[in-house]
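Peer 1: Take a look at model.cif, mmCIF, N, CA, C and O atoms:
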```
data_target
loop_
_atom_site.label_atom_id
_atom_site.label_comp_id
_atom_site.auth_asym_id
_atom_site.auth_seq_id
_atom_site.Cartn_x
_atom_site.Cartn_y
_atom_site.Cartn_z
N MET A 1 -60.17 354.81 52.92
CA MET A 1 -59.68 354.73 51.57
C MET A 1 -60.62 353.85 50.76
O MET A 1 -60.91 352.72 51.11
N ASN A 2 -61.10 354.39 49.67
CA ASN A 2 -61.99 353.64 48.79
C ASN A 2 -61.20 353.11 47.61
O ASN A 2 -60.44 353.83 46.98
N ILE A 3 -61.40 351.85 47.33
CA ILE A 3 -60.78 351.24 46.16
C ILE A 3 -61.91 350.88 45.21
O ILE A 3 -62.77 350.07 45.54
N GLU A 4 -61.90 351.53 44.06
CA GLU A 4 -62.94 351.27 43.08
C GLU A 4 -62.35 350.45 41.95
O GLU A 4 -61.36 350.83 41.34
N LEU A 5 -62.96 349.32 41.70
CA LEU A 5 -62.53 348.47 40.60
C LEU A 5 -63.45 348.69 39.41
O LEU A 5 -64.68 348.70 39.57
N PRO A 6 -62.87 348.86 38.24
CA PRO A 6 -63.73 348.92 37.06
C PRO A 6 -64.40 347.57 36.84
O PRO A 6 -63.75 346.53 36.93
N THR A 7 -65.68 347.60 36.58
CA THR A 7 -66.46 346.37 36.54
C THR A 7 -66.05 345.42 35.43
O THR A 7 -65.86 344.23 35.66
N ILE A 8 -65.90 345.93 34.23
CA ILE A 8 -65.62 345.04 33.10
C ILE A 8 -64.24 344.38 33.22
O ILE A 8 -64.16 343.15 33.10
N PRO A 9 -63.15 345.12 33.45
CA PRO A 9 -61.87 344.42 33.59
C PRO A 9 -61.84 343.45 34.77
O PRO A 9 -61.27 342.37 34.66
N ALA A 10 -62.47 343.82 35.87
CA ALA A 10 -62.48 342.93 37.03
C ALA A 10 -63.26 341.65 36.73
O ALA A 10 -62.83 340.55 37.09
N GLY A 11 -64.38 341.78 36.06
CA GLY A 11 -65.19 340.60 35.72
C GLY A 11 -64.48 339.68 34.75
O GLY A 11 -64.46 338.46 34.93
N VAL A 12 -63.88 340.26 33.71
CA VAL A 12 -63.14 339.46 32.74
C VAL A 12 -61.94 338.79 33.40
O VAL A 12 -61.65 337.62 33.16
N LEU A 13 -61.26 339.53 34.27
CA LEU A 13 -60.10 338.99 34.97
C LEU A 13 -60.48 337.81 35.86
O LEU A 13 -59.79 336.80 35.89
N VAL A 14 -61.58 337.93 36.57
CA VAL A 14 -62.03 336.83 37.43
C VAL A 14 -62.36 335.59 36.61
O VAL A 14 -61.97 334.48 36.96
N LEU A 15 -63.05 335.78 35.49
CA LEU A 15 -63.40 334.63 34.65
C LEU A 15 -62.15 333.95 34.09
O LEU A 15 -62.07 332.72 34.05
N LEU A 16 -61.18 334.73 33.66
CA LEU A 16 -59.96 334.14 33.12
C LEU A 16 -59.08 333.53 34.22
O LEU A 16 -58.40 332.54 33.99
N ALA A 17 -59.10 334.14 35.40
CA ALA A 17 -58.28 333.63 36.50
C ALA A 17 -58.78 332.28 37.00
O ALA A 17 -58.00 331.50 37.55
N ILE A 18 -60.05 332.00 36.79
CA ILE A 18 -60.57 330.69 37.17
C ILE A 18 -59.89 329.60 36.35
O ILE A 18 -59.63 328.50 36.84
N ALA A 19 -59.55 329.91 35.09
CA ALA A 19 -58.89 328.94 34.22
C ALA A 19 -57.37 329.03 34.30
O ALA A 19 -56.68 328.23 33.65
N ALA A 20 -56.82 329.94 35.05
CA ALA A 20 -55.37 330.13 35.14
C ALA A 20 -54.62 328.88 35.61
O ALA A 20 -53.50 328.65 35.15
N PRO A 21 -55.16 328.06 36.51
CA PRO A 21 -54.42 326.84 36.89
C PRO A 21 -54.12 325.91 35.71
O PRO A 21 -53.12 325.21 35.72
N TYR A 22 -54.96 325.93 34.69
CA TYR A 22 -54.70 325.10 33.52
C TYR A 22 -53.53 325.66 32.70
O TYR A 22 -52.71 324.89 32.20
N VAL A 23 -53.46 326.97 32.59
CA VAL A 23 -52.32 327.59 31.90
C VAL A 23 -51.04 327.30 32.68
O VAL A 23 -49.99 326.97 32.11
N GLN A 24 -51.12 327.42 33.98
CA GLN A 24 -49.97 327.12 34.83
C GLN A 24 -49.56 325.66 34.68
O GLN A 24 -48.36 325.35 34.63
N ALA A 25 -50.51 324.76 34.58
CA ALA A 25 -50.19 323.33 34.44
C ALA A 25 -49.49 323.04 33.13
O ALA A 25 -48.68 322.12 33.04
N LEU A 26 -49.78 323.82 32.09
CA LEU A 26 -49.09 323.63 30.82
C LEU A 26 -47.64 324.09 30.87
O LEU A 26 -46.79 323.60 30.15
N ILE A 27 -47.36 325.05 31.73
CA ILE A 27 -46.01 325.63 31.82
C ILE A 27 -45.11 324.82 32.74
O ILE A 27 -43.97 324.52 32.40
N GLN A 28 -45.60 324.48 33.91
CA GLN A 28 -44.73 323.87 34.92
C GLN A 28 -44.62 322.36 34.77
O GLN A 28 -45.38 321.74 34.05
N ARG A 29 -43.66 321.81 35.49
CA ARG A 29 -43.38 320.37 35.46
C ARG A 29 -43.54 319.79 36.86
O ARG A 29 -43.31 320.48 37.87
N PRO A 30 -43.93 318.52 36.97
CA PRO A 30 -44.12 317.90 38.29
C PRO A 30 -42.85 317.86 39.13
O PRO A 30 -42.92 317.82 40.36
N THR A 31 -41.70 317.89 38.51
CA THR A 31 -40.44 317.80 39.26
C THR A 31 -39.99 319.13 39.84
O THR A 31 -39.03 319.16 40.59
N TRP A 32 -40.65 320.22 39.51
CA TRP A 32 -40.25 321.53 40.03
C TRP A 32 -40.56 321.64 41.51
O TRP A 32 -41.49 321.02 42.03
N SER A 33 -39.80 322.47 42.19
CA SER A 33 -40.03 322.68 43.63
C SER A 33 -41.28 323.51 43.85
O SER A 33 -41.79 324.17 42.93
N ALA A 34 -41.76 323.51 45.08
CA ALA A 34 -42.95 324.29 45.42
C ALA A 34 -42.71 325.79 45.22
O ALA A 34 -43.61 326.52 44.79
N THR A 35 -41.49 326.24 45.49
CA THR A 35 -41.17 327.65 45.30
C THR A 35 -41.26 328.03 43.82
O THR A 35 -41.80 329.08 43.48
N ASP A 36 -40.74 327.18 42.95
CA ASP A 36 -40.81 327.45 41.52
C ASP A 36 -42.26 327.49 41.04
O ASP A 36 -42.63 328.34 40.22
N LYS A 37 -43.08 326.61 41.55
CA LYS A 37 -44.49 326.58 41.16
C LYS A 37 -45.22 327.84 41.65
O LYS A 37 -46.10 328.36 40.95
N LYS A 38 -44.87 328.33 42.82
CA LYS A 38 -45.48 329.56 43.33
C LYS A 38 -45.08 330.76 42.48
O LYS A 38 -45.89 331.63 42.20
N ILE A 39 -43.82 330.78 42.05
CA ILE A 39 -43.34 331.87 41.19
C ILE A 39 -44.10 331.84 39.87
O ILE A 39 -44.53 332.89 39.36
N VAL A 40 -44.28 330.67 39.30
CA VAL A 40 -45.03 330.54 38.05
C VAL A 40 -46.47 331.02 38.24
O VAL A 40 -47.02 331.70 37.38
N ALA A 41 -47.07 330.69 39.37
CA ALA A 41 -48.45 331.11 39.64
C ALA A 41 -48.57 332.63 39.68
O ALA A 41 -49.51 333.20 39.12
N VAL A 42 -47.62 333.29 40.33
CA VAL A 42 -47.66 334.75 40.41
C VAL A 42 -47.40 335.37 39.04
O VAL A 42 -48.08 336.32 38.65
N VAL A 43 -46.45 334.83 38.30
CA VAL A 43 -46.15 335.37 36.96
C VAL A 43 -47.34 335.19 36.03
O VAL A 43 -47.68 336.11 35.27
N VAL A 44 -48.00 334.05 36.08
CA VAL A 44 -49.19 333.83 35.25
C VAL A 44 -50.27 334.84 35.61
O VAL A 44 -50.92 335.40 34.72
N ALA A 45 -50.47 335.11 36.89
CA ALA A 45 -51.48 336.09 37.30
C ALA A 45 -51.13 337.50 36.83
O ALA A 45 -52.00 338.26 36.38
N ILE A 46 -49.85 337.86 36.89
CA ILE A 46 -49.43 339.19 36.44
C ILE A 46 -49.61 339.32 34.93
O ILE A 46 -50.12 340.34 34.44
N VAL A 47 -49.22 338.30 34.18
CA VAL A 47 -49.37 338.34 32.72
C VAL A 47 -50.85 338.38 32.34
O VAL A 47 -51.25 339.12 31.44
N LEU A 48 -51.66 337.61 33.03
CA LEU A 48 -53.10 337.60 32.78
C LEU A 48 -53.70 338.99 33.01
O LEU A 48 -54.48 339.48 32.20
N THR A 49 -53.30 339.62 34.10
CA THR A 49 -53.79 340.97 34.39
C THR A 49 -53.33 341.95 33.33
O THR A 49 -54.11 342.81 32.89
N ALA A 50 -52.09 341.84 32.90
CA ALA A 50 -51.57 342.74 31.87
C ALA A 50 -52.34 342.57 30.56
O ALA A 50 -52.65 343.57 29.89
N VAL A 51 -52.65 341.34 30.20
CA VAL A 51 -53.40 341.09 28.97
C VAL A 51 -54.80 341.70 29.06
O VAL A 51 -55.27 342.35 28.12
N VAL A 52 -55.47 341.51 30.19
CA VAL A 52 -56.81 342.06 30.36
C VAL A 52 -56.77 343.58 30.32
O VAL A 52 -57.60 344.22 29.65
N LEU A 53 -55.81 344.19 31.00
CA LEU A 53 -55.72 345.66 31.01
C LEU A 53 -55.34 346.21 29.63
O LEU A 53 -55.84 347.26 29.23
N LEU A 54 -54.48 345.51 28.92
CA LEU A 54 -54.11 345.94 27.58
C LEU A 54 -55.32 345.88 26.65
O LEU A 54 -55.58 346.81 25.88
N PHE A 55 -56.06 344.78 26.71
CA PHE A 55 -57.27 344.66 25.90
C PHE A 55 -58.27 345.75 26.26
O PHE A 55 -58.88 346.36 25.37
N TYR A 56 -58.45 346.02 27.54
CA TYR A 56 -59.38 347.06 27.97
C TYR A 56 -58.94 348.43 27.46
O TYR A 56 -59.76 349.23 27.00
N TYR A 57 -57.64 348.70 27.50
CA TYR A 57 -57.13 349.98 27.03
C TYR A 57 -57.30 350.11 25.52
O TYR A 57 -57.71 351.17 25.03
N VAL A 58 -57.01 349.06 24.77
CA VAL A 58 -57.16 349.11 23.32
C VAL A 58 -58.63 349.28 22.94
O VAL A 58 -58.97 350.03 22.02
N TYR A 59 -59.50 348.62 23.67
CA TYR A 59 -60.93 348.67 23.34
C TYR A 59 -61.57 350.00 23.73
O TYR A 59 -62.37 350.53 22.99
N THR A 60 -61.23 350.54 24.91
CA THR A 60 -61.90 351.75 25.40
C THR A 60 -61.03 352.99 25.39
O THR A 60 -61.54 354.10 25.39
N GLY A 61 -59.72 352.84 25.47
CA GLY A 61 -58.84 353.99 25.56
C GLY A 61 -58.66 354.51 26.97
O GLY A 61 -57.94 355.48 27.20
N ASP A 62 -59.31 353.87 27.93
CA ASP A 62 -59.22 354.28 29.33
C ASP A 62 -58.12 353.49 30.03
O ASP A 62 -57.97 352.30 29.83
N THR A 63 -57.37 354.17 30.87
CA THR A 63 -56.40 353.47 31.70
C THR A 63 -57.07 353.08 33.01
O THR A 63 -58.03 353.72 33.44
N VAL A 64 -56.56 352.06 33.64
CA VAL A 64 -57.13 351.57 34.89
C VAL A 64 -56.12 351.86 36.00
O VAL A 64 -55.05 351.24 36.04
N PRO A 65 -56.43 352.80 36.89
CA PRO A 65 -55.46 353.12 37.94
C PRO A 65 -55.37 352.09 39.04
O PRO A 65 -54.43 352.09 39.82
N ALA A 66 -56.31 351.16 39.11
CA ALA A 66 -56.34 350.17 40.19
C ALA A 66 -55.67 348.87 39.78
O ALA A 66 -56.04 347.80 40.25
N TRP A 67 -54.63 348.93 38.94
CA TRP A 67 -54.01 347.69 38.46
C TRP A 67 -53.36 346.87 39.56
O TRP A 67 -53.39 345.65 39.46
N PRO A 68 -52.78 347.46 40.63
CA PRO A 68 -52.23 346.58 41.68
C PRO A 68 -53.31 345.72 42.36
O PRO A 68 -53.08 344.56 42.68
N VAL A 69 -54.48 346.30 42.52
CA VAL A 69 -55.58 345.55 43.13
C VAL A 69 -56.03 344.44 42.19
O VAL A 69 -56.37 343.34 42.64
N LEU A 70 -56.01 344.71 40.90
CA LEU A 70 -56.40 343.67 39.94
C LEU A 70 -55.39 342.52 39.92
O LEU A 70 -55.78 341.36 39.74
N ILE A 71 -54.11 342.82 40.11
CA ILE A 71 -53.11 341.75 40.20
C ILE A 71 -53.39 340.87 41.42
O ILE A 71 -53.37 339.65 41.34
N LEU A 72 -53.65 341.50 42.54
CA LEU A 72 -53.98 340.73 43.75
C LEU A 72 -55.25 339.91 43.56
O LEU A 72 -55.34 338.76 44.00
N LEU A 73 -56.24 340.50 42.88
CA LEU A 73 -57.47 339.77 42.60
C LEU A 73 -57.20 338.54 41.74
O LEU A 73 -57.72 337.45 42.01
N ALA A 74 -56.35 338.69 40.73
CA ALA A 74 -56.02 337.55 39.86
C ALA A 74 -55.30 336.45 40.64
O ALA A 74 -55.59 335.27 40.45
N ILE A 75 -54.38 336.83 41.51
CA ILE A 75 -53.65 335.84 42.31
C ILE A 75 -54.61 335.09 43.23
O ILE A 75 -54.59 333.86 43.31
N VAL A 76 -55.47 335.83 43.92
CA VAL A 76 -56.41 335.21 44.87
C VAL A 76 -57.40 334.29 44.15
O VAL A 76 -57.63 333.15 44.58
N VAL A 77 -57.96 334.75 43.04
CA VAL A 77 -58.95 333.93 42.34
C VAL A 77 -58.30 332.69 41.73
O VAL A 77 -58.86 331.59 41.80
N ALA A 78 -57.11 332.83 41.15
CA ALA A 78 -56.43 331.67 40.57
C ALA A 78 -56.09 330.64 41.63
O ALA A 78 -56.28 329.44 41.41
N GLN A 79 -55.60 331.08 42.78
CA GLN A 79 -55.26 330.13 43.83
C GLN A 79 -56.51 329.50 44.45
O GLN A 79 -56.50 328.30 44.77
N ALA A 80 -57.57 330.27 44.61
CA ALA A 80 -58.82 329.71 45.12
C ALA A 80 -59.40 328.71 44.12
O ALA A 80 -59.91 327.65 44.52
N SER A 81 -59.31 329.03 42.84
CA SER A 81 -59.78 328.11 41.81
C SER A 81 -59.01 326.80 41.86
O SER A 81 -59.60 325.72 41.77
N TYR A 82 -57.69 326.89 42.00
CA TYR A 82 -56.88 325.68 42.06
C TYR A 82 -57.23 324.85 43.30
O TYR A 82 -57.43 323.65 43.21
N THR A 83 -57.32 325.52 44.43
CA THR A 83 -57.56 324.81 45.69
C THR A 83 -58.96 324.19 45.75
O THR A 83 -59.12 323.06 46.21
N LEU A 84 -59.96 324.91 45.29
CA LEU A 84 -61.34 324.47 45.48
C LEU A 84 -61.93 323.69 44.31
O LEU A 84 -62.83 322.87 44.51
N VAL A 85 -61.45 323.94 43.08
CA VAL A 85 -62.14 323.38 41.93
C VAL A 85 -61.22 322.57 41.00
O VAL A 85 -61.52 321.43 40.66
N THR A 86 -60.11 323.14 40.59
CA THR A 86 -59.36 322.59 39.46
C THR A 86 -58.12 321.79 39.84
O THR A 86 -57.34 321.43 38.96
N LYS A 87 -57.92 321.48 41.10
CA LYS A 87 -56.68 320.83 41.54
C LYS A 87 -56.45 319.49 40.85
O LYS A 87 -55.38 319.23 40.30
N ASN A 88 -57.44 318.62 40.85
CA ASN A 88 -57.26 317.29 40.27
C ASN A 88 -57.03 317.34 38.77
O ASN A 88 -56.12 316.68 38.25
N THR A 89 -57.83 318.11 38.07
CA THR A 89 -57.70 318.15 36.62
C THR A 89 -56.46 318.91 36.18
O THR A 89 -55.83 318.55 35.18
N ALA A 90 -56.09 319.97 36.89
CA ALA A 90 -54.88 320.71 36.54
C ALA A 90 -53.63 319.86 36.79
O ALA A 90 -52.68 319.88 36.00
N THR A 91 -53.63 319.11 37.88
CA THR A 91 -52.50 318.23 38.15
C THR A 91 -52.40 317.13 37.10
O THR A 91 -51.29 316.79 36.65
N ALA A 92 -53.52 316.58 36.69
CA ALA A 92 -53.51 315.56 35.64
C ALA A 92 -53.02 316.14 34.32
O ALA A 92 -52.24 315.50 33.60
N LEU A 93 -53.42 317.36 34.00
CA LEU A 93 -52.95 318.02 32.79
C LEU A 93 -51.45 318.27 32.85
O LEU A 93 -50.74 318.06 31.87
N GLU A 94 -50.97 318.68 34.01
CA GLU A 94 -49.53 318.91 34.18
C GLU A 94 -48.74 317.62 33.95
O GLU A 94 -47.72 317.62 33.28
N GLN A 95 -49.23 316.52 34.48
CA GLN A 95 -48.52 315.25 34.32
C GLN A 95 -48.59 314.74 32.88
O GLN A 95 -47.64 314.17 32.38
N ARG A 96 -49.73 314.97 32.20
CA ARG A 96 -49.86 314.51 30.83
C ARG A 96 -49.03 315.33 29.85
O ARG A 96 -48.57 314.80 28.84
N THR A 97 -48.85 316.61 30.12
CA THR A 97 -48.12 317.47 29.19
C THR A 97 -46.63 317.56 29.50
O THR A 97 -45.90 318.19 28.75
N SER A 98 -46.18 316.95 30.58
CA SER A 98 -44.76 316.97 30.91
C SER A 98 -44.04 315.92 30.10
O SER A 98 -44.54 314.81 29.91
N PRO A 99 -42.84 316.26 29.63
CA PRO A 99 -42.10 315.26 28.86
C PRO A 99 -41.66 314.11 29.78
O PRO A 99 -41.28 314.32 30.92
N THR A 100 -41.74 312.92 29.25
CA THR A 100 -41.30 311.77 30.02
C THR A 100 -39.88 311.44 29.61
O THR A 100 -39.51 311.56 28.44
N ILE A 101 -39.10 311.01 30.56
CA ILE A 101 -37.71 310.66 30.30
C ILE A 101 -37.62 309.15 30.31
O ILE A 101 -37.99 308.49 31.29
N THR A 102 -37.14 308.60 29.23
CA THR A 102 -36.96 307.16 29.12
C THR A 102 -35.48 306.88 29.22
O THR A 102 -34.67 307.43 28.48
N VAL A 103 -35.14 306.00 30.12
CA VAL A 103 -33.74 305.62 30.31
C VAL A 103 -33.56 304.27 29.66
O VAL A 103 -34.25 303.31 29.98
N ASN A 104 -32.63 304.23 28.74
CA ASN A 104 -32.33 302.96 28.10
C ASN A 104 -31.46 302.12 29.03
O ASN A 104 -30.48 302.60 29.57
N GLU A 105 -31.86 300.89 29.19
CA GLU A 105 -31.09 300.01 30.06
C GLU A 105 -29.97 299.36 29.28
O GLU A 105 -30.15 298.92 28.15
N SER A 106 -28.84 299.37 29.88
CA SER A 106 -27.71 298.67 29.28
C SER A 106 -27.29 297.56 30.25
O SER A 106 -27.66 297.58 31.42
N PRO A 107 -26.53 296.62 29.80
CA PRO A 107 -26.13 295.53 30.70
C PRO A 107 -25.35 296.03 31.91
O PRO A 107 -25.39 295.41 32.97
N ASP A 108 -24.69 297.18 31.79
CA ASP A 108 -23.94 297.71 32.92
C ASP A 108 -24.83 298.29 34.01
O ASP A 108 -24.44 298.38 35.17
N THR A 109 -26.04 298.70 33.67
CA THR A 109 -26.93 299.33 34.65
C THR A 109 -27.89 298.35 35.28
O THR A 109 -28.59 298.72 36.22
N LEU A 110 -27.97 297.14 34.79
CA LEU A 110 -28.88 296.16 35.36
C LEU A 110 -28.30 295.63 36.69
O LEU A 110 -27.09 295.50 36.83
N PRO A 111 -29.17 295.32 37.64
CA PRO A 111 -28.66 294.77 38.90
C PRO A 111 -28.04 293.40 38.68
O PRO A 111 -28.50 292.60 37.87
N ARG A 112 -27.02 293.13 39.44
CA ARG A 112 -26.33 291.83 39.32
C ARG A 112 -27.09 290.77 40.07
O ARG A 112 -27.61 291.01 41.15
N ARG A 113 -27.03 289.57 39.57
CA ARG A 113 -27.76 288.47 40.20
C ARG A 113 -26.80 287.56 40.89
O ARG A 113 -25.74 287.31 40.66
#
```
Re-express the file's structure as C-alpha cells.
Peer 2:
Amino acid sequence: MNIELPTIPAGVLVLLAIAAPYVQALIQRPTWSATDKKIVAVVVAIVLTAVVLLFYYVYTGDTVPAWPVLILLAIVVAQASYTLVTKNTATALEQRTSPTITVNESPDTLPRR
C-alpha cells in the first residue's frame, strides 16, 4: 500500500505543528490532568490539520484524500517538537498565561498561635 502525501500541505503542516505546543500552552492550564492535556494536544493537531487542508482547498481547489495521515503527522510532529525542543518554553508560557488565584486571608483562616 502506497501512501502519497501532497508536498505543500505536508510541509506547511509540519512547520505549523512545530509551533503547536505554544498554541496548546495558551489553551491549557497547569492544574489540568495529564489526560486533559493529551486531549487538548490531539484536538489542536486536528484543528491545525483542518486549517491547513481548508487553506489548500481554497487556494488550489484540490481535495487531499490523505487527510488521516496528515492528522497523524501533525500529532507526531507536535509531540516530538514538545518533547525535543519546546518543552521548557511552552511550559513557561502556560504558567505565565494561566490565571492566578489570589485568596484573601481573613482572621478566621489564619493559623492560631
Peer 1: Suppose you want the space between atom CA of A:Pro9 and atom CA of A:Lys87; what is it in Å?
Peer 2: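 Atom-to-atom, atom CA of A:Pro9 and atom CA of A:Lys87 are spaced 25.4 Å apart.
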Peer 1: Given the file shown, determine the residues that the PyMOL selection byres ((chain A and resi 93) around 8) selects; report them as a ChimeraX atom specification.
Peer 2: /A:21-22,24-28,86-92,94-98
Peer 1: I need the residues in chain A that are alpha helix (DSSP H) according to DSSP; give them as number ranges by chain.
Peer 2: A: 7-18, 20-27, 34-60, 67-81, 87-97
Peer 1: Between A:Ala34, A:Leu70, A:Val47, A:Val58, single out the one closest to A:Leu13, counting only C-alpha atoms.
Peer 2: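 Looking at the shortest contact to A:Leu13, the residue is A:Leu70.
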Peer 1: Up to 10 Å from (-60.4, 333.0, 38.6) in the file's coordinates: name the residues, counting only C-alpha atoms, as a PDB file with N, CA, C and O atoms, in the coordinates of the input.
Peer 2:
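Result file part37.pdb:
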```
ATOM      1  N   GLY A  11     -64.380 341.780  36.060  1.00  0.00           N
ATOM      2  CA  GLY A  11     -65.190 340.600  35.720  1.00  0.00           C
ATOM      3  C   GLY A  11     -64.480 339.680  34.750  1.00  0.00           C
ATOM      4  O   GLY A  11     -64.460 338.460  34.930  1.00  0.00           O
ATOM      5  N   VAL A  12     -63.880 340.260  33.710  1.00  0.00           N
ATOM      6  CA  VAL A  12     -63.140 339.460  32.740  1.00  0.00           C
ATOM      7  C   VAL A  12     -61.940 338.790  33.400  1.00  0.00           C
ATOM      8  O   VAL A  12     -61.650 337.620  33.160  1.00  0.00           O
ATOM      9  N   LEU A  13     -61.260 339.530  34.270  1.00  0.00           N
ATOM     10  CA  LEU A  13     -60.100 338.990  34.970  1.00  0.00           C
ATOM     11  C   LEU A  13     -60.480 337.810  35.860  1.00  0.00           C
ATOM     12  O   LEU A  13     -59.790 336.800  35.890  1.00  0.00           O
ATOM     13  N   VAL A  14     -61.580 337.930  36.570  1.00  0.00           N
ATOM     14  CA  VAL A  14     -62.030 336.830  37.430  1.00  0.00           C
ATOM     15  C   VAL A  14     -62.360 335.590  36.610  1.00  0.00           C
ATOM     16  O   VAL A  14     -61.970 334.480  36.960  1.00  0.00           O
ATOM     17  N   LEU A  15     -63.050 335.780  35.490  1.00  0.00           N
ATOM     18  CA  LEU A  15     -63.400 334.630  34.650  1.00  0.00           C
ATOM     19  C   LEU A  15     -62.150 333.950  34.090  1.00  0.00           C
ATOM     20  O   LEU A  15     -62.070 332.720  34.050  1.00  0.00           O
ATOM     21  N   LEU A  16     -61.180 334.730  33.660  1.00  0.00           N
ATOM     22  CA  LEU A  16     -59.960 334.140  33.120  1.00  0.00           C
ATOM     23  C   LEU A  16     -59.080 333.530  34.220  1.00  0.00           C
ATOM     24  O   LEU A  16     -58.400 332.540  33.990  1.00  0.00           O
ATOM     25  N   ALA A  17     -59.100 334.140  35.400  1.00  0.00           N
ATOM     26  CA  ALA A  17     -58.280 333.630  36.500  1.00  0.00           C
ATOM     27  C   ALA A  17     -58.780 332.280  37.000  1.00  0.00           C
ATOM     28  O   ALA A  17     -58.000 331.500  37.550  1.00  0.00           O
ATOM     29  N   ILE A  18     -60.050 332.000  36.790  1.00  0.00           N
ATOM     30  CA  ILE A  18     -60.570 330.690  37.170  1.00  0.00           C
ATOM     31  C   ILE A  18     -59.890 329.600  36.350  1.00  0.00           C
ATOM     32  O   ILE A  18     -59.630 328.500  36.840  1.00  0.00           O
ATOM     33  N   ALA A  19     -59.550 329.910  35.090  1.00  0.00           N
ATOM     34  CA  ALA A  19     -58.890 328.940  34.220  1.00  0.00           C
ATOM     35  C   ALA A  19     -57.370 329.030  34.300  1.00  0.00           C
ATOM     36  O   ALA A  19     -56.680 328.230  33.650  1.00  0.00           O
ATOM     37  N   ALA A  20     -56.820 329.940  35.050  1.00  0.00           N
ATOM     38  CA  ALA A  20     -55.370 330.130  35.140  1.00  0.00           C
ATOM     39  C   ALA A  20     -54.620 328.880  35.610  1.00  0.00           C
ATOM     40  O   ALA A  20     -53.500 328.650  35.150  1.00  0.00           O
ATOM     41  N   PRO A  21     -55.160 328.060  36.510  1.00  0.00           N
ATOM     42  CA  PRO A  21     -54.420 326.840  36.890  1.00  0.00           C
ATOM     43  C   PRO A  21     -54.120 325.910  35.710  1.00  0.00           C
ATOM     44  O   PRO A  21     -53.120 325.210  35.720  1.00  0.00           O
ATOM     45  N   ALA A  45     -50.470 335.110  36.890  1.00  0.00           N
ATOM     46  CA  ALA A  45     -51.480 336.090  37.300  1.00  0.00           C
ATOM     47  C   ALA A  45     -51.130 337.500  36.830  1.00  0.00           C
ATOM     48  O   ALA A  45     -52.000 338.260  36.380  1.00  0.00           O
ATOM     49  N   LEU A  73     -56.240 340.500  42.880  1.00  0.00           N
ATOM     50  CA  LEU A  73     -57.470 339.770  42.600  1.00  0.00           C
ATOM     51  C   LEU A  73     -57.200 338.540  41.740  1.00  0.00           C
ATOM     52  O   LEU A  73     -57.720 337.450  42.010  1.00  0.00           O
ATOM     53  N   ALA A  74     -56.350 338.690  40.730  1.00  0.00           N
ATOM     54  CA  ALA A  74     -56.020 337.550  39.860  1.00  0.00           C
ATOM     55  C   ALA A  74     -55.300 336.450  40.640  1.00  0.00           C
ATOM     56  O   ALA A  74     -55.590 335.270  40.450  1.00  0.00           O
ATOM     57  N   ILE A  75     -54.380 336.830  41.510  1.00  0.00           N
ATOM     58  CA  ILE A  75     -53.650 335.840  42.310  1.00  0.00           C
ATOM     59  C   ILE A  75     -54.610 335.090  43.230  1.00  0.00           C
ATOM     60  O   ILE A  75     -54.590 333.860  43.310  1.00  0.00           O
ATOM     61  N   VAL A  76     -55.470 335.830  43.920  1.00  0.00           N
ATOM     62  CA  VAL A  76     -56.410 335.210  44.870  1.00  0.00           C
ATOM     63  C   VAL A  76     -57.400 334.290  44.150  1.00  0.00           C
ATOM     64  O   VAL A  76     -57.630 333.150  44.580  1.00  0.00           O
ATOM     65  N   VAL A  77     -57.960 334.750  43.040  1.00  0.00           N
ATOM     66  CA  VAL A  77     -58.950 333.930  42.340  1.00  0.00           C
ATOM     67  C   VAL A  77     -58.300 332.690  41.730  1.00  0.00           C
ATOM     68  O   VAL A  77     -58.860 331.590  41.800  1.00  0.00           O
ATOM     69  N   ALA A  78     -57.110 332.830  41.150  1.00  0.00           N
ATOM     70  CA  ALA A  78     -56.430 331.670  40.570  1.00  0.00           C
ATOM     71  C   ALA A  78     -56.090 330.640  41.630  1.00  0.00           C
ATOM     72  O   ALA A  78     -56.280 329.440  41.410  1.00  0.00           O
ATOM     73  N   GLN A  79     -55.600 331.080  42.780  1.00  0.00           N
ATOM     74  CA  GLN A  79     -55.260 330.130  43.830  1.00  0.00           C
ATOM     75  C   GLN A  79     -56.510 329.500  44.450  1.00  0.00           C
ATOM     76  O   GLN A  79     -56.500 328.300  44.770  1.00  0.00           O
ATOM     77  N   ALA A  80     -57.570 330.270  44.610  1.00  0.00           N
ATOM     78  CA  ALA A  80     -58.820 329.710  45.120  1.00  0.00           C
ATOM     79  C   ALA A  80     -59.400 328.710  44.120  1.00  0.00           C
ATOM     80  O   ALA A  80     -59.910 327.650  44.520  1.00  0.00           O
ATOM     81  N   SER A  81     -59.310 329.030  42.840  1.00  0.00           N
ATOM     82  CA  SER A  81     -59.780 328.110  41.810  1.00  0.00           C
ATOM     83  C   SER A  81     -59.010 326.800  41.860  1.00  0.00           C
ATOM     84  O   SER A  81     -59.600 325.720  41.770  1.00  0.00           O
ATOM     85  N   TYR A  82     -57.690 326.890  42.000  1.00  0.00           N
ATOM     86  CA  TYR A  82     -56.880 325.680  42.060  1.00  0.00           C
ATOM     87  C   TYR A  82     -57.230 324.850  43.300  1.00  0.00           C
ATOM     88  O   TYR A  82     -57.430 323.650  43.210  1.00  0.00           O
TER      89      TYR A  82
END
```
Peer 1: As an exercise, work out the distance from atom N of A:Val43 to atom N of A:Thr63 in Å and give it to one decimal place.
Peer 2: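 If I compute the distance from atom N of A:Val43 to atom N of A:Thr63, I get 23.4 Å.
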Peer 1: Between A:Pro65, A:Pro99, A:Leu72, A:Val52, which is the closest to A:Ile8 once you count only N, CA, C and O atoms?
Peer 2: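 Of A:Pro65, A:Pro99, A:Leu72, A:Val52, the one nearest A:Ile8, counting only N, CA, C and O atoms, is A:Val52.
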Peer 1: Quick one: distance from atom CA of A:Pro30 to atom CA of A:Val42 in Å, one decimal?
Peer 2: 17.3 Å
